[in-house]
Amino acid sequence: MGGRWVSGVLLAGAVLLGACGDPASGPQAAPPAPSVPEAPSTSQERAPRVPVKAPAVLYIGDSLATENHEVLGRELRRDVRAQYTSAPYSGTTLCDYLEGTGERSLVPDADKAAALVRSVRPDFVVLQFWGNAWGYTPCMDGITYGAARGRYLERYADDARRLAEQIDAAGRDRRPRIVWVLQGPDPITPDRVRRVNAVYEERAAATGDLVADAGRAVSAPGARYSWTQYLPCTAYERAHPDYCTGPGADRTALHRDDDYLHFCLAPTTSTPKPCPVRSPGVLRIAREITRVVGEAVRSR
């Protein structure tokens, strides 16, 4: 597959809000993975070793996926030799990737989830959506969490079901497994993220799909839904000082002072793009998604 990078451009003034249901990068694929060598023969007869097929992974989502997608691609290629495609769009939520939304969607028809599944034929579809809560995208029909929490959650659950069904139908005899990425804490409406994550978990349980709790990787131990700007450095971050942003205090920054949502430590720009600087939150999220995909690949 040839590499491709799509960018969904937002109005300059709406960048921060759009991030809460966003992305804008596009399909990007890895070169063919090298074959796995045969296990050496021994005098004792052993079952033949079956090489693990390199998985095809599709990553779609909002601005969090936009800032993550290059790092996630690197991690997946390195750890599971993935053939990787990403197509996030900033400002989006689940309904933007549904077929049949037309002009009410921020995602063009060619990059709808089902269209990408038909063209890419992925083994895994990773869905990274914060949960647009402000009615930024037209396909939400003006339903916001602040004004109508019950309607918002009902609509969000219905969109999750419909999106999973469209992905399933597009896969036909080769249904991809969906990886629902759980979100990190929201300092403004913490219960919203908890309930959005519950929608993802219920959807995964109903269809035998997967959950990647990336949000836990950017939460304090024992305080899963309490927002924090800083966390203690991990062993990896201590060994790689660029990721331990406050080494003297043994703590690292997850967010900038002026952006409680995004995990990229570079300023948010009017044109969504992958994070250009090393950012511990981005890496933590990418590594948790990669871990879940890797375990599923090895268990096949």
# chains A, B, ... in the order shown; residues from 1 in each chain; ligands from 1
>>> residues_around(residues="Leu94 of chain A", least_positions_apart="4", cutoff="8 Å", atoms="only C-alpha atoms", output="tab-separated table (two decimals) with all heavy atoms, in the first residue's frame")
chain	number	residue	atom	x	y	z
A	61	GLY	N	-10.07	8.84	13.77
A	61	GLY	CA	-10.47	9.54	14.98
A	61	GLY	C	-10.42	11.04	14.81
A	61	GLY	O	-10.46	11.56	13.70
A	98	LEU	N	-19.74	7.89	9.64
A	98	LEU	CA	-20.84	7.05	9.16
A	98	LEU	C	-21.15	7.35	7.71
A	98	LEU	O	-21.19	8.52	7.30
A	98	LEU	CB	-22.10	7.31	9.99
A	98	LEU	CG	-22.12	6.79	11.43
A	98	LEU	CD1	-23.33	7.35	12.17
A	98	LEU	CD2	-22.15	5.26	11.44
A	129	PHE	N	-11.85	8.49	19.75
A	129	PHE	CA	-12.77	9.63	19.76
A	129	PHE	C	-13.01	10.11	21.19
A	129	PHE	O	-13.51	9.38	22.03
A	129	PHE	CB	-14.11	9.26	19.12
A	129	PHE	CG	-14.02	9.05	17.63
A	129	PHE	CD1	-13.86	7.78	17.11
A	129	PHE	CD2	-14.09	10.13	16.76
A	129	PHE	CE1	-13.77	7.58	15.74
A	129	PHE	CE2	-14.01	9.94	15.39
A	129	PHE	CZ	-13.85	8.66	14.88
A	131	GLY	N	-15.15	12.34	21.96
A	131	GLY	CA	-16.60	12.48	22.11
A	131	GLY	C	-17.01	13.92	22.00
A	131	GLY	O	-17.20	14.60	23.01
A	156	TYR	N	-24.90	9.12	21.17
A	156	TYR	CA	-23.52	8.64	21.07
A	156	TYR	C	-23.50	7.11	21.04
A	156	TYR	O	-22.77	6.51	20.24
A	156	TYR	CB	-22.69	9.18	22.23
A	156	TYR	CG	-21.23	9.26	21.90
A	156	TYR	CD1	-20.73	10.30	21.12
A	156	TYR	CD2	-20.34	8.29	22.34
A	156	TYR	CE1	-19.39	10.38	20.80
A	156	TYR	CE2	-19.00	8.36	22.02
A	156	TYR	CZ	-18.52	9.41	21.25
A	156	TYR	OH	-17.20	9.47	20.91
A	159	ASP	N	-24.74	5.97	17.63
A	159	ASP	CA	-23.72	6.15	16.60
A	159	ASP	C	-22.61	5.11	16.72
A	159	ASP	O	-22.09	4.63	15.70
A	159	ASP	CB	-23.12	7.56	16.70
A	159	ASP	CG	-24.06	8.64	16.20
A	159	ASP	OD1	-25.05	8.29	15.51
A	159	ASP	OD2	-23.83	9.83	16.51
A	160	ALA	N	-22.24	4.75	17.95
A	160	ALA	CA	-21.22	3.71	18.14
A	160	ALA	C	-21.70	2.38	17.57
A	160	ALA	O	-20.95	1.66	16.91
A	160	ALA	CB	-20.89	3.57	19.62
A	163	LEU	N	-21.78	2.66	13.69
A	163	LEU	CA	-20.43	2.65	13.10
A	163	LEU	C	-19.85	1.25	13.12
A	163	LEU	O	-19.26	0.79	12.13
A	163	LEU	CB	-19.53	3.62	13.87
A	163	LEU	CG	-18.14	3.84	13.27
A	163	LEU	CD1	-18.24	4.43	11.86
A	163	LEU	CD2	-17.30	4.75	14.16
>>> residues_around(residues="Glu202 of chain A", least_positions_apart="5", cutoff="12 Å", atoms="only C-alpha atoms", output="list of chain:residue names")
A:Ala157, A:Asp158, A:Ala160, A:Arg161, A:Ala164, A:Trp180, A:Leu182, A:Arg195, A:Val196, A:Asn197, A:Thr207, A:Gly208, A:Asp209, A:Leu210, A:Val211
>>> write_last_selection(atoms="N, CA, C and O atoms", output="tab-separated table (two decimals), in the first residue's frame")
chain	number	residue	atom	x	y	z
A	157	ALA	N	-24.28	6.47	21.89
A	157	ALA	CA	-24.35	5.01	21.91
A	157	ALA	C	-24.91	4.48	20.60
A	157	ALA	O	-24.43	3.45	20.07
A	158	ASP	N	-25.91	5.15	20.05
A	158	ASP	CA	-26.49	4.72	18.77
A	158	ASP	C	-25.48	4.87	17.64
A	158	ASP	O	-25.36	3.98	16.78
A	160	ALA	N	-22.24	4.75	17.95
A	160	ALA	CA	-21.22	3.71	18.14
A	160	ALA	C	-21.70	2.38	17.57
A	160	ALA	O	-20.95	1.66	16.91
A	161	ARG	N	-22.96	2.06	17.83
A	161	ARG	CA	-23.52	0.81	17.29
A	161	ARG	C	-23.55	0.84	15.77
A	161	ARG	O	-23.14	-0.12	15.11
A	164	ALA	N	-20.02	0.54	14.24
A	164	ALA	CA	-19.52	-0.84	14.32
A	164	ALA	C	-20.22	-1.72	13.28
A	164	ALA	O	-19.58	-2.58	12.65
A	180	TRP	N	-11.63	-0.13	20.56
A	180	TRP	CA	-12.20	1.09	21.11
A	180	TRP	C	-11.21	1.68	22.11
A	180	TRP	O	-10.89	1.05	23.12
A	182	LEU	N	-10.22	3.97	25.06
A	182	LEU	CA	-10.83	4.70	26.17
A	182	LEU	C	-10.06	6.00	26.40
A	182	LEU	O	-8.84	6.05	26.28
A	195	ARG	N	-18.74	8.05	31.11
A	195	ARG	CA	-19.90	7.45	30.45
A	195	ARG	C	-19.63	7.17	28.97
A	195	ARG	O	-20.15	6.19	28.41
A	196	VAL	N	-18.86	8.01	28.32
A	196	VAL	CA	-18.46	7.72	26.93
A	196	VAL	C	-17.61	6.44	26.89
A	196	VAL	O	-17.80	5.58	26.03
A	197	ASN	N	-16.69	6.31	27.83
A	197	ASN	CA	-15.88	5.10	27.90
A	197	ASN	C	-16.76	3.87	28.15
A	197	ASN	O	-16.50	2.78	27.61
A	207	THR	N	-19.83	-7.23	20.88
A	207	THR	CA	-19.40	-7.74	19.58
A	207	THR	C	-18.10	-8.53	19.62
A	207	THR	O	-17.60	-8.94	18.57
A	208	GLY	N	-17.56	-8.74	20.81
A	208	GLY	CA	-16.31	-9.48	20.91
A	208	GLY	C	-15.11	-8.70	20.42
A	208	GLY	O	-14.12	-9.28	19.97
A	209	ASP	N	-15.19	-7.38	20.52
A	209	ASP	CA	-14.08	-6.54	20.07
A	209	ASP	C	-13.16	-6.19	21.24
A	209	ASP	O	-13.27	-6.78	22.31
A	210	LEU	N	-12.28	-5.22	21.03
A	210	LEU	CA	-11.22	-4.94	21.99
A	210	LEU	C	-11.33	-3.54	22.58
A	210	LEU	O	-11.91	-2.65	21.96
A	211	VAL	N	-10.77	-3.39	23.75
A	211	VAL	CA	-10.68	-2.09	24.41
A	211	VAL	C	-9.21	-1.82	24.72
A	211	VAL	O	-8.51	-2.69	25.24
>>> atom_distance(atom1="atom CA of Arg177 of chain A", atom2="atom CA of Ala87 of chain A")
17.2 Å
>>> select_by_dssp(residues="segment 172-254 of chain A", states="helix (DSSP H, G or I)", output="ChimeraX atom specification")
/A:190-207,214-217,235-239,241-243,247-249
>>> residues_around(residues="Asn68 of chain A", least_positions_apart="5", cutoff="8 Å", atoms="only C-alpha atoms", output="list in words")
Pro274, Cys275, Val282, Leu283, Ile285 and Ala286 of chain A
>>> decode(residues="segment 76-98 of chain A", atoms="C-alpha atoms", output="PDB file, in the first residue's frame")
ATOM      1  CA  LEU A  76       2.852  -0.585  15.444  1.00  0.00           C
ATOM      2  CA  ARG A  77       5.370  -1.050  12.642  1.00  0.00           C
ATOM      3  CA  ARG A  78       8.170  -1.737  15.077  1.00  0.00           C
ATOM      4  CA  ASP A  79       6.328  -4.010  17.498  1.00  0.00           C
ATOM      5  CA  VAL A  80       3.901  -5.939  15.272  1.00  0.00           C
ATOM      6  CA  ARG A  81       5.214  -5.152  11.749  1.00  0.00           C
ATOM      7  CA  ALA A  82       1.854  -3.606  10.950  1.00  0.00           C
ATOM      8  CA  GLN A  83       0.749  -2.360   7.571  1.00  0.00           C
ATOM      9  CA  TYR A  84      -0.616   0.918   8.820  1.00  0.00           C
ATOM     10  CA  THR A  85      -3.163   3.407   7.483  1.00  0.00           C
ATOM     11  CA  SER A  86      -4.448   6.465   9.332  1.00  0.00           C
ATOM     12  CA  ALA A  87      -7.213   8.896   8.384  1.00  0.00           C
ATOM     13  CA  PRO A  88      -8.131  11.160  11.318  1.00  0.00           C
ATOM     14  CA  TYR A  89      -9.997  14.455  10.977  1.00  0.00           C
ATOM     15  CA  SER A  90     -10.030  17.274  13.506  1.00  0.00           C
ATOM     16  CA  GLY A  91     -13.348  18.266  14.997  1.00  0.00           C
ATOM     17  CA  THR A  92     -15.049  14.978  14.257  1.00  0.00           C
ATOM     18  CA  THR A  93     -16.969  12.434  16.242  1.00  0.00           C
ATOM     19  CA  LEU A  94     -18.390   8.984  15.484  1.00  0.00           C
ATOM     20  CA  CYS A  95     -21.196  10.189  13.221  1.00  0.00           C
ATOM     21  CA  ASP A  96     -18.748  11.931  10.891  1.00  0.00           C
ATOM     22  CA  TYR A  97     -17.393   8.529   9.850  1.00  0.00           C
ATOM     23  CA  LEU A  98     -20.843   7.051   9.165  1.00  0.00           C
TER      24      LEU A  98
END
